[in-house]
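J.: As input, take input.txt (compact mmCIF, C-alpha atoms and all ligand atoms):
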```txt
# COMPACT_ATOMS: atom_id res chain seq x y z
CA MET X 62 0.00 0.00 0.00
CA GLN X 63 1.25 3.47 -0.77
CA VAL X 64 0.88 6.62 1.23
CA MET X 65 -1.18 9.01 -0.83
CA SER X 66 -2.28 12.60 -0.55
CA PRO X 67 -4.40 14.68 -0.32
CA ASP X 68 -6.24 13.59 2.82
CA LEU X 69 -9.45 11.59 2.42
CA PRO X 70 -12.73 13.54 2.64
CA LEU X 71 -13.89 11.88 5.86
CA GLU X 72 -17.24 13.66 5.88
CA SER X 73 -18.19 12.12 2.51
CA LEU X 74 -17.04 8.72 3.75
CA ARG X 75 -19.13 9.04 6.94
CA THR X 76 -22.17 9.82 4.81
CA ALA X 77 -21.48 6.95 2.41
CA PHE X 78 -20.61 4.22 4.92
CA GLY X 79 -22.16 5.22 8.27
CA ARG X 80 -21.32 2.75 11.04
CA ARG X 81 -19.31 0.55 8.69
CA LEU X 82 -16.61 3.24 8.65
CA ARG X 83 -13.82 3.08 11.24
CA GLU X 84 -11.44 6.03 11.35
CA ASN X 85 -7.75 6.01 12.29
CA GLN X 86 -7.53 2.22 12.59
CA PRO X 87 -4.15 0.64 13.47
CA LEU X 88 -3.55 -1.98 10.76
CA ALA X 89 -0.71 -4.04 12.24
CA ARG X 90 -3.16 -6.43 13.92
CA TYR X 91 -4.76 -7.24 10.56
CA THR X 92 -1.55 -8.47 8.94
CA SER X 93 0.74 -11.48 9.35
CA ALA X 94 3.79 -9.23 9.64
CA ARG X 95 2.15 -7.37 12.58
CA ILE X 96 3.76 -4.07 11.64
CA GLY X 97 2.74 -0.75 10.10
CA GLY X 98 0.72 2.35 10.92
CA SER X 99 -2.96 3.24 10.78
CA ALA X 100 -5.55 3.58 8.05
CA ASP X 101 -7.33 6.94 8.01
CA ALA X 102 -10.47 5.09 6.97
CA LEU X 103 -11.37 1.40 7.13
CA VAL X 104 -14.73 0.06 5.95
CA ASP X 105 -16.03 -3.28 7.27
CA ILE X 106 -17.31 -5.50 4.48
CA ALA X 107 -19.70 -8.33 5.41
CA THR X 108 -20.88 -9.68 2.03
CA ALA X 109 -19.79 -9.74 -1.60
CA ALA X 110 -22.68 -7.37 -2.35
CA ASP X 111 -21.29 -4.96 0.28
CA LEU X 112 -17.87 -5.20 -1.32
CA ALA X 113 -19.25 -4.41 -4.78
CA GLU X 114 -21.28 -1.49 -3.45
CA ALA X 115 -18.37 -0.04 -1.46
CA ALA X 116 -15.95 -0.30 -4.39
CA GLN X 117 -18.45 1.31 -6.76
CA THR X 118 -19.12 4.14 -4.28
CA LEU X 119 -15.41 4.86 -3.96
CA TRP X 120 -14.87 4.77 -7.73
CA ASP X 121 -17.80 7.16 -8.12
CA LEU X 122 -16.30 9.47 -5.47
CA GLY X 123 -12.91 9.21 -7.19
CA LEU X 124 -11.26 7.96 -4.00
CA PRO X 125 -8.42 5.40 -3.92
CA PHE X 126 -8.95 2.16 -2.01
CA VAL X 127 -7.39 -1.23 -1.37
CA VAL X 128 -8.99 -4.53 -0.42
CA LEU X 129 -7.55 -6.04 2.76
CA GLY X 130 -8.13 -9.78 2.97
CA GLY X 131 -6.18 -11.85 5.48
CA GLY X 132 -3.26 -9.41 5.36
CA SER X 133 -0.85 -12.31 4.81
CA ASN X 134 0.78 -10.81 1.73
CA LEU X 135 1.00 -7.15 2.69
CA LEU X 136 3.59 -4.90 4.26
CA ILE X 137 2.08 -1.72 5.68
CA SER X 138 4.17 1.42 5.97
CA ASP X 139 4.77 2.87 9.45
CA ALA X 140 3.41 6.10 7.94
CA GLY X 141 0.03 4.41 7.58
CA VAL X 142 -2.39 4.24 4.68
CA ARG X 143 -4.17 7.21 3.11
CA GLU X 144 -6.29 5.05 0.81
CA VAL X 145 -9.62 3.70 2.07
CA VAL X 146 -9.14 0.14 3.30
CA LEU X 147 -12.01 -2.27 2.53
CA PHE X 148 -11.66 -5.01 5.15
CA ASN X 149 -13.17 -8.02 3.40
CA GLN X 150 -15.00 -10.37 5.76
CA ALA X 151 -17.49 -11.63 3.13
CA ASN X 152 -17.16 -15.34 3.80
CA ALA X 153 -20.15 -17.31 2.53
CA VAL X 154 -19.21 -20.76 1.15
CA ARG X 155 -21.42 -23.15 -0.87
CA PHE X 156 -20.53 -26.58 -2.21
CA GLU X 157 -22.16 -27.94 -5.39
CA GLU X 158 -22.04 -31.72 -5.51
CA SER X 159 -25.16 -32.68 -7.43
CA GLY X 160 -24.08 -32.07 -11.06
CA GLY X 161 -21.13 -33.49 -13.02
CA VAL X 162 -17.99 -31.82 -11.69
CA PRO X 163 -18.28 -30.92 -7.99
CA SER X 164 -17.27 -27.40 -7.11
CA VAL X 165 -17.17 -24.82 -4.35
CA TRP X 166 -18.37 -21.25 -4.66
CA ALA X 167 -17.23 -18.76 -2.03
CA GLU X 168 -17.20 -15.06 -1.38
CA SER X 169 -13.77 -13.52 -1.67
CA GLY X 170 -13.30 -12.93 2.06
CA ALA X 171 -13.64 -16.64 2.90
CA GLY X 172 -10.44 -18.22 4.21
CA LEU X 173 -8.67 -20.39 1.62
CA GLY X 174 -7.50 -22.88 4.28
CA ALA X 175 -11.01 -23.17 5.72
CA ILE X 176 -12.45 -23.87 2.24
CA ALA X 177 -9.78 -26.55 1.72
CA ARG X 178 -10.62 -28.19 5.08
CA GLN X 179 -14.37 -28.18 4.35
CA ALA X 180 -13.72 -29.69 0.91
CA ALA X 181 -11.59 -32.43 2.49
CA SER X 182 -14.25 -33.35 5.02
CA ARG X 183 -16.77 -33.74 2.14
CA GLY X 184 -14.41 -36.01 0.23
CA LEU X 185 -13.67 -33.34 -2.40
CA SER X 186 -10.12 -33.17 -3.70
CA GLY X 187 -8.26 -30.33 -5.48
CA LEU X 188 -7.26 -27.99 -2.66
CA GLU X 189 -4.90 -30.21 -0.66
CA TRP X 190 -2.00 -27.89 -1.60
CA ALA X 191 -3.80 -24.99 0.14
CA ALA X 192 -3.51 -26.56 3.61
CA GLY X 193 -1.73 -24.02 5.79
CA ILE X 194 -1.77 -21.11 3.32
CA PRO X 195 -3.15 -18.14 5.26
CA GLY X 196 -5.42 -15.48 3.78
CA THR X 197 -8.63 -15.20 1.83
CA LEU X 198 -9.89 -16.64 -1.43
CA GLY X 199 -9.78 -13.13 -2.94
CA GLY X 200 -6.11 -12.68 -2.06
CA ALA X 201 -5.38 -16.14 -3.44
CA VAL X 202 -7.23 -15.48 -6.72
CA ALA X 203 -5.47 -12.12 -7.13
CA GLY X 204 -2.00 -13.52 -6.39
CA ASN X 205 -2.38 -17.07 -7.78
CA ALA X 206 -1.50 -18.55 -4.39
CA GLY X 207 -0.07 -22.03 -4.49
CA ALA X 208 2.18 -24.63 -2.94
CA HIS X 209 3.40 -28.20 -3.47
CA GLY X 210 2.87 -28.00 -7.23
CA GLY X 211 -0.73 -26.77 -7.05
CA ASP X 212 -2.15 -23.30 -7.37
CA ILE X 213 -5.36 -21.34 -7.92
CA SER X 214 -4.94 -21.22 -11.69
CA MET X 215 -5.29 -25.03 -11.81
CA VAL X 216 -8.66 -25.12 -10.02
CA LEU X 217 -10.34 -21.81 -10.83
CA GLU X 218 -13.53 -22.34 -12.80
CA MET X 219 -14.68 -18.72 -12.66
CA ALA X 220 -14.02 -15.59 -10.66
CA THR X 221 -16.70 -12.92 -10.37
CA ILE X 222 -14.88 -9.65 -10.80
CA LEU X 223 -16.04 -6.07 -10.41
CA HIS X 224 -14.25 -4.00 -13.02
CA ARG X 225 -14.05 -0.26 -12.66
CA LYS X 226 -15.15 0.40 -16.25
CA ASP X 227 -16.89 -2.82 -17.34
CA GLY X 228 -18.86 -3.63 -14.17
CA ARG X 229 -19.46 -7.19 -12.96
CA LYS X 230 -17.90 -9.96 -15.07
CA ASP X 231 -17.23 -13.68 -14.75
CA TRP X 232 -13.61 -14.33 -15.65
CA SER X 233 -12.02 -17.71 -16.33
CA ALA X 234 -8.44 -18.54 -15.35
CA GLN X 235 -7.42 -17.86 -18.95
CA TYR X 236 -8.77 -14.31 -18.75
CA LEU X 237 -6.86 -13.74 -15.51
CA ALA X 238 -3.56 -14.38 -17.35
CA TYR X 239 -2.08 -16.40 -14.51
CA GLU X 240 1.63 -16.81 -14.00
CA TYR X 241 3.76 -17.83 -11.01
CA ARG X 242 2.16 -15.89 -8.09
CA SER X 243 0.82 -13.31 -10.53
CA SER X 244 -2.34 -12.43 -12.43
CA TRP X 245 -3.96 -9.70 -14.51
CA LEU X 246 -5.46 -8.37 -11.26
CA LYS X 247 -2.07 -8.07 -9.62
CA LEU X 248 -0.62 -6.32 -12.66
CA HIS X 249 -3.53 -3.82 -12.81
CA PRO X 250 -4.03 -2.63 -9.22
CA GLY X 251 -7.09 -0.46 -8.67
CA LEU X 252 -8.88 -1.56 -11.85
CA ALA X 253 -10.83 -4.57 -10.60
CA ILE X 254 -11.58 -6.62 -7.49
CA VAL X 255 -12.63 -10.20 -6.80
CA LEU X 256 -16.16 -10.58 -5.40
CA SER X 257 -16.36 -14.37 -5.37
CA ALA X 258 -14.97 -17.44 -7.13
CA THR X 259 -15.87 -21.00 -8.06
CA LEU X 260 -13.24 -23.73 -7.80
CA ALA X 261 -13.50 -27.13 -9.52
CA LEU X 262 -13.06 -30.17 -7.28
CA ALA X 263 -13.12 -33.96 -7.69
CA LYS X 264 -14.50 -36.76 -5.56
CA LYS X 265 -11.94 -38.76 -3.59
CA PRO X 266 -11.95 -40.63 -0.26
CA ALA X 267 -11.79 -38.07 2.57
CA ALA X 268 -9.10 -40.09 4.39
CA GLU X 269 -6.76 -39.88 1.37
CA ILE X 270 -7.30 -36.13 1.06
CA ARG X 271 -6.66 -35.58 4.77
CA ALA X 272 -3.51 -37.72 4.70
CA GLN X 273 -2.14 -35.61 1.84
CA MET X 274 -2.99 -32.37 3.66
CA ASP X 275 -1.38 -33.65 6.86
CA THR X 276 1.82 -34.38 4.95
CA PHE X 277 1.84 -30.85 3.50
CA LEU X 278 1.12 -29.31 6.92
CA ALA X 279 3.88 -31.34 8.55
CA TYR X 280 6.33 -30.11 5.90
CA ARG X 281 5.21 -26.52 6.56
CA ARG X 282 5.75 -26.96 10.32
CA LEU X 283 9.21 -28.34 9.62
CA THR X 284 10.26 -25.52 7.31
CA GLN X 285 8.46 -22.45 8.71
CA PRO X 286 8.48 -20.90 12.19
CA PRO X 287 5.24 -20.93 14.20
CA GLY X 288 3.25 -17.73 14.92
CA ALA X 289 3.44 -14.43 13.05
CA SER X 290 6.03 -14.62 10.31
CA MET X 291 6.80 -13.50 6.81
CA GLY X 292 6.24 -17.10 5.71
CA SER X 293 6.13 -17.49 1.99
CA MET X 294 5.28 -13.88 1.20
CA PHE X 295 8.25 -13.51 -1.11
CA LYS X 296 8.49 -14.98 -4.57
CA ASN X 297 11.22 -17.57 -5.00
CA PRO X 298 13.89 -16.27 -7.37
CA PRO X 299 14.68 -18.69 -10.23
CA GLY X 300 16.56 -21.73 -8.91
CA ASP X 301 16.49 -20.73 -5.24
CA SER X 302 14.16 -20.31 -2.27
CA ALA X 303 13.27 -16.97 -0.67
CA GLY X 304 13.20 -18.60 2.78
CA ARG X 305 16.72 -19.99 2.37
CA LEU X 306 18.03 -16.58 1.24
CA ILE X 307 16.39 -14.75 4.17
CA GLU X 308 17.87 -17.20 6.68
CA ARG X 309 21.31 -16.90 5.11
CA GLY X 310 20.99 -13.07 5.33
CA ASN X 311 22.16 -10.46 2.86
CA PRO X 312 20.53 -12.11 -0.17
CA LYS X 313 22.29 -11.50 -3.46
CA ALA X 314 19.06 -11.70 -5.42
CA PRO X 315 16.53 -9.01 -4.45
CA LEU X 316 13.38 -10.60 -3.01
CA ARG X 317 10.07 -9.52 -4.52
CA LEU X 318 6.61 -9.35 -3.01
CA ASP X 319 4.93 -8.33 -6.26
C1 LIG X 401 3.10 -17.84 7.12
C2 LIG X 401 2.75 -17.59 5.68
C3 LIG X 401 2.77 -18.65 4.77
C4 LIG X 401 2.43 -18.41 3.43
N1 LIG X 401 2.48 -19.47 2.56
C5 LIG X 401 2.14 -19.25 1.25
C6 LIG X 401 2.21 -20.33 0.29
O1 LIG X 401 2.55 -21.46 0.60
N2 LIG X 401 1.87 -20.05 -1.00
C7 LIG X 401 1.48 -18.79 -1.40
O2 LIG X 401 1.15 -18.60 -2.58
N3 LIG X 401 1.44 -17.76 -0.52
C8 LIG X 401 1.76 -17.96 0.77
N4 LIG X 401 1.74 -16.91 1.65
C9 LIG X 401 1.33 -15.59 1.17
C10 LIG X 401 -0.19 -15.32 1.35
O3 LIG X 401 -0.75 -16.19 2.30
C11 LIG X 401 -0.95 -15.49 0.05
O4 LIG X 401 -0.42 -14.62 -0.92
C12 LIG X 401 -2.45 -15.23 0.23
O5 LIG X 401 -3.14 -15.70 -0.90
C13 LIG X 401 -2.78 -13.74 0.44
O6 LIG X 401 -4.17 -13.63 0.76
P1 LIG X 401 -4.69 -12.49 1.73
O7 LIG X 401 -6.15 -12.59 1.83
O8 LIG X 401 -3.95 -12.55 3.04
O9 LIG X 401 -4.27 -11.19 0.94
P2 LIG X 401 -3.85 -9.78 1.53
O10 LIG X 401 -2.50 -9.88 2.17
O11 LIG X 401 -4.94 -9.23 2.36
O12 LIG X 401 -3.74 -8.96 0.17
C14 LIG X 401 -2.72 -9.24 -0.77
C15 LIG X 401 -3.02 -8.49 -2.07
O13 LIG X 401 -4.20 -9.03 -2.65
C16 LIG X 401 -5.16 -8.00 -2.83
N5 LIG X 401 -6.49 -8.55 -2.59
C17 LIG X 401 -6.95 -9.19 -1.48
N6 LIG X 401 -8.24 -9.51 -1.62
C18 LIG X 401 -8.62 -9.07 -2.85
C19 LIG X 401 -9.85 -9.08 -3.57
N7 LIG X 401 -10.97 -9.62 -3.06
N8 LIG X 401 -9.86 -8.54 -4.81
C20 LIG X 401 -8.75 -7.97 -5.34
N9 LIG X 401 -7.56 -7.91 -4.70
C21 LIG X 401 -7.50 -8.46 -3.46
C22 LIG X 401 -4.81 -6.95 -1.79
O14 LIG X 401 -5.34 -5.67 -2.13
C23 LIG X 401 -3.31 -7.02 -1.83
O15 LIG X 401 -2.81 -6.27 -2.93
C24 LIG X 401 2.08 -17.12 2.99
C25 LIG X 401 2.08 -16.05 3.91
C26 LIG X 401 2.40 -16.27 5.22
C27 LIG X 401 2.38 -15.11 6.19
```
Represent the structure of the file as structure tokens.
Ligand SMILES: Cc1cc2nc3c(=O)[nH]c(=O)nc-3n(C[C@H](O)[C@H](O)[C@H](O)COP(=O)(O)OP(=O)(O)OC[C@H]3O[C@@H](n4cnc5c(N)ncnc54)[C@H](O)[C@@H]3O)c2cc1C

T.:
Amino acid sequence: MQVMSPDLPLESLRTAFGRRLRENQPLARYTSARIGGSADALVDIATAADLAEAAQTLWDLGLPFVVLGGGSNLLISDAGVREVVLFNQANAVRFEESGGVPSVWAESGAGLGAIARQAASRGLSGLEWAAGIPGTLGGAVAGNAGAHGGDISMVLEMATILHRKDGRKDWSAQYLAYEYRSSWLKLHPGLAIVLSATLALAKKPAAEIRAQMDTFLAYRRLTQPPGASMGSMFKNPPGDSAGRLIERGNPKAPLRLD
């Protein structure tokens, strides 16, 4: 997030968002890194419809904003944030198991790990790799989160996007131009947000899915420290691992969050 000026017109925001607006909110507690200053204005978002309405209102007012999901891939400046922060807690989840290919639809503030656990308990495979990845579905769709050879691009059936100019659209993985930990959304900040997404799953015995997830979680516990950490926020440079470089100190290759 960047510090921007001029100051936000708080009176207009109070009128637009009423009790959903929180002013001068310390943001460190909302992020994995647990650092950074305050947001002048934070708006609580409870549903995907709320998120769409808030984004549209801010675009109409010409005010900059960012979506804050789980805060597990963000570093917040000590100087704070002058953009409006939309704190996305829209977390409805629905599984579809009656048709051909089973799937899960969820609002973008739903936790990716929680969706993966619910899928596992229903005997639905496809998200084992997501075990232990913090953050929301929206953050994962925007950043093509992944691990252990799997990622969002491999399971995304459709993401419902709100585009600043084109309105609400359903975008396939192809449209999102996925690459390693990157997407069209990440390369065009401020132009569109994720409201919800549908992920394709496959039937498999729940015990097998859980065993695979347990193996991935055990590996994570072995290789990452417990509690608040920078985890896998950085992209691995070609042929090396960001974690290894951080632990060695003074990395030769610059590490990138973007
Ligand atoms: C301990 C730890 C382990 C991790 N392990 C992994 C891993 O194995 N693999 C991996 O890929 N990542 C990993 N990460 C990074 C992080 O968990 C993922 O990038 C995650 O998908 C980010 O989701 P979030 O909701 O926390 O996003 P946030 O940190 O809240 O936001 C990240 C970016 O996404 C944008 N964004 C969020 N929601 C939306 C939305 N609805 N629409 C549009 N833009 C949105 C934000 O504006 C911001 O630019 C790890 C991080 C930690 C701290």

J.: Got a sec to check which residues lie within 6 Å of ligand LIG 401 (chain X), using all atoms listed in the file, and send them as a ChimeraX atom specification?

T.: /X:93,127-135,169,194-197,199-201,203-204,206-208,254-256,290-294

J.: Around (-16.5, -17.2, -0.1) in the file's frame, which residues reach within 8 Å when counting all atoms listed in the file? Return as a list of chain:residue names?

T.: X:Ala151, X:Asn152, X:Ala153, X:Val154, X:Arg155, X:Trp166, X:Ala167, X:Glu168, X:Ser169, X:Gly170, X:Ala171, X:Gly172, X:Leu198, X:Ser257, X:Ala258

J.: I'd like to know which of X:Gly123, X:Gly310, X:Pro287, X:Pro266 is closest to Leu69 (chain X), using only C-alpha atoms.

T.: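 For Leu69 (chain X), the nearest of the candidates is X:Gly123.
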
J.: Identify, on the basis of only C-alpha atoms, every residue whose closest approach to region 110-122 of chain X does not exceed 10 Å; exclude the query and any residue fewer than 3 positions from it along the same chain; express the result as number ranges by chain.

T.: X: 70, 73-74, 77-78, 104-107, 125-128, 145, 147-151, 168-170, 222-226, 228-229, 251-257

J.: Which is closer to Gly141 (chain X) than all the others in X:Tyr91, X:Gly161, X:Gln86, X:Gly193, using all atoms listed in the file?

T.: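 Closest to Gly141 (chain X), using all atoms listed in the file: X:Gln86.
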
J.: Mind giving me the straight-line distance from CA of Arg95 (chain X) to CA of Ala109 (chain X) in Å, one decimal?

T.: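 These atoms are spaced 26.2 Å apart.
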
J.: With distances taken over all atoms listed in the file, which residue among X:Ser214, X:Asn85, X:Ser138, X:Gln273 lies nearest Gln235 (chain X)?

T.: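 Of X:Ser214, X:Asn85, X:Ser138, X:Gln273, the one nearest Gln235 (chain X) is X:Ser214, counting all atoms listed in the file.
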
J.: One decimal, Å: what's the distance from CA of Gln285 (chain X) over to CA of Ser302 (chain X), could you say?

T.: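 So the answer is 12.6 Å.
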
J.: Which value, in Å to one decimal, gives the distance between CA of Arg281 (chain X) and CA of Ala303 (chain X)?

T.: 14.4 Å

J.: Leu278 (chain X): which residues within 10 Å, counting only C-alpha atoms, same-chain residues fewer than 4 positions away excluded, as a PDB file with C-alpha atoms, keeping the file's coordinate frame?

T.:
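Listing of result-v8.pdb after writing:
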```
ATOM      1  CA  GLU X 189      -4.900 -30.210  -0.660  1.00  0.00           C
ATOM      2  CA  TRP X 190      -2.000 -27.890  -1.600  1.00  0.00           C
ATOM      3  CA  ALA X 191      -3.800 -24.990   0.140  1.00  0.00           C
ATOM      4  CA  ALA X 192      -3.510 -26.560   3.610  1.00  0.00           C
ATOM      5  CA  GLY X 193      -1.730 -24.020   5.790  1.00  0.00           C
ATOM      6  CA  ILE X 194      -1.770 -21.110   3.320  1.00  0.00           C
ATOM      7  CA  ALA X 272      -3.510 -37.720   4.700  1.00  0.00           C
ATOM      8  CA  GLN X 273      -2.140 -35.610   1.840  1.00  0.00           C
ATOM      9  CA  MET X 274      -2.990 -32.370   3.660  1.00  0.00           C
ATOM     10  CA  ARG X 282       5.750 -26.960  10.320  1.00  0.00           C
ATOM     11  CA  LEU X 283       9.210 -28.340   9.620  1.00  0.00           C
ATOM     12  CA  THR X 284      10.260 -25.520   7.310  1.00  0.00           C
TER      13      THR X 284
END
```

J.: Regenerate region 67-94 of chain X at the level of N, CA and C atoms and dump it as a JSON list (two decimals), in the frame of the given file.

T.:
```
[["chain", "number", "residue", "atom", "x", "y", "z"],
["X", 67, "PRO", "N", -4.09, 14.00, -1.57],
["X", 67, "PRO", "CA", -4.40, 14.68, -0.32],
["X", 67, "PRO", "C", -5.19, 13.80, 0.63],
["X", 68, "ASP", "N", -5.51, 14.36, 1.82],
["X", 68, "ASP", "CA", -6.24, 13.59, 2.82],
["X", 68, "ASP", "C", -7.61, 13.18, 2.30],
["X", 69, "LEU", "N", -8.13, 12.07, 2.84],
["X", 69, "LEU", "CA", -9.45, 11.59, 2.42],
["X", 69, "LEU", "C", -10.54, 12.53, 2.94],
["X", 70, "PRO", "N", -11.59, 12.72, 2.16],
["X", 70, "PRO", "CA", -12.73, 13.54, 2.64],
["X", 70, "PRO", "C", -13.58, 12.71, 3.59],
["X", 71, "LEU", "N", -13.25, 12.77, 4.88],
["X", 71, "LEU", "CA", -13.89, 11.88, 5.86],
["X", 71, "LEU", "C", -15.40, 12.12, 5.96],
["X", 72, "GLU", "N", -15.81, 13.38, 5.77],
["X", 72, "GLU", "CA", -17.24, 13.66, 5.88],
["X", 72, "GLU", "C", -18.02, 12.89, 4.81],
["X", 73, "SER", "N", -17.51, 12.88, 3.57],
["X", 73, "SER", "CA", -18.19, 12.12, 2.51],
["X", 73, "SER", "C", -18.20, 10.63, 2.83],
["X", 74, "LEU", "N", -17.11, 10.15, 3.42],
["X", 74, "LEU", "CA", -17.04, 8.72, 3.75],
["X", 74, "LEU", "C", -18.02, 8.38, 4.87],
["X", 75, "ARG", "N", -18.15, 9.28, 5.84],
["X", 75, "ARG", "CA", -19.13, 9.04, 6.94],
["X", 75, "ARG", "C", -20.53, 8.95, 6.36],
["X", 76, "THR", "N", -20.84, 9.84, 5.42],
["X", 76, "THR", "CA", -22.17, 9.82, 4.81],
["X", 76, "THR", "C", -22.37, 8.53, 4.02],
["X", 77, "ALA", "N", -21.34, 8.12, 3.28],
["X", 77, "ALA", "CA", -21.48, 6.95, 2.41],
["X", 77, "ALA", "C", -21.54, 5.65, 3.20],
["X", 78, "PHE", "N", -20.76, 5.54, 4.27],
["X", 78, "PHE", "CA", -20.61, 4.22, 4.92],
["X", 78, "PHE", "C", -21.16, 4.14, 6.34],
["X", 79, "GLY", "N", -21.54, 5.25, 6.94],
["X", 79, "GLY", "CA", -22.16, 5.22, 8.27],
["X", 79, "GLY", "C", -21.33, 4.44, 9.26],
["X", 80, "ARG", "N", -21.99, 3.49, 9.95],
["X", 80, "ARG", "CA", -21.32, 2.75, 11.04],
["X", 80, "ARG", "C", -20.30, 1.74, 10.54],
["X", 81, "ARG", "N", -20.31, 1.49, 9.22],
["X", 81, "ARG", "CA", -19.31, 0.55, 8.69],
["X", 81, "ARG", "C", -17.93, 1.20, 8.60],
["X", 82, "LEU", "N", -17.89, 2.53, 8.76],
["X", 82, "LEU", "CA", -16.61, 3.24, 8.65],
["X", 82, "LEU", "C", -15.92, 3.29, 10.01],
["X", 83, "ARG", "N", -14.63, 2.90, 10.02],
["X", 83, "ARG", "CA", -13.82, 3.08, 11.24],
["X", 83, "ARG", "C", -12.66, 3.99, 10.88],
["X", 84, "GLU", "N", -12.48, 5.04, 11.67],
["X", 84, "GLU", "CA", -11.44, 6.03, 11.35],
["X", 84, "GLU", "C", -10.19, 5.76, 12.18],
["X", 85, "ASN", "N", -9.03, 6.11, 11.59],
["X", 85, "ASN", "CA", -7.75, 6.01, 12.29],
["X", 85, "ASN", "C", -7.55, 4.63, 12.93],
["X", 86, "GLN", "N", -7.64, 3.60, 12.10],
["X", 86, "GLN", "CA", -7.53, 2.22, 12.59],
["X", 86, "GLN", "C", -6.12, 1.68, 12.46],
["X", 87, "PRO", "N", -5.48, 1.29, 13.57],
["X", 87, "PRO", "CA", -4.15, 0.64, 13.47],
["X", 87, "PRO", "C", -4.28, -0.65, 12.65],
["X", 88, "LEU", "N", -3.40, -0.83, 11.67],
["X", 88, "LEU", "CA", -3.55, -1.98, 10.76],
["X", 88, "LEU", "C", -2.67, -3.17, 11.11],
["X", 89, "ALA", "N", -1.68, -2.96, 11.99],
["X", 89, "ALA", "CA", -0.71, -4.04, 12.24],
["X", 89, "ALA", "C", -1.42, -5.33, 12.63],
["X", 90, "ARG", "N", -2.47, -5.23, 13.43],
["X", 90, "ARG", "CA", -3.16, -6.43, 13.92],
["X", 90, "ARG", "C", -3.85, -7.20, 12.80],
["X", 91, "TYR", "N", -4.06, -6.57, 11.66],
["X", 91, "TYR", "CA", -4.76, -7.24, 10.56],
["X", 91, "TYR", "C", -3.79, -7.92, 9.59],
["X", 92, "THR", "N", -2.51, -7.89, 9.89],
["X", 92, "THR", "CA", -1.55, -8.47, 8.94],
["X", 92, "THR", "C", -0.67, -9.52, 9.62],
["X", 93, "SER", "N", -0.15, -10.44, 8.81],
["X", 93, "SER", "CA", 0.74, -11.48, 9.35],
["X", 93, "SER", "C", 2.03, -10.89, 9.87],
["X", 94, "ALA", "N", 2.50, -9.81, 9.24],
["X", 94, "ALA", "CA", 3.79, -9.23, 9.64],
["X", 94, "ALA", "C", 3.66, -8.45, 10.95]]
```
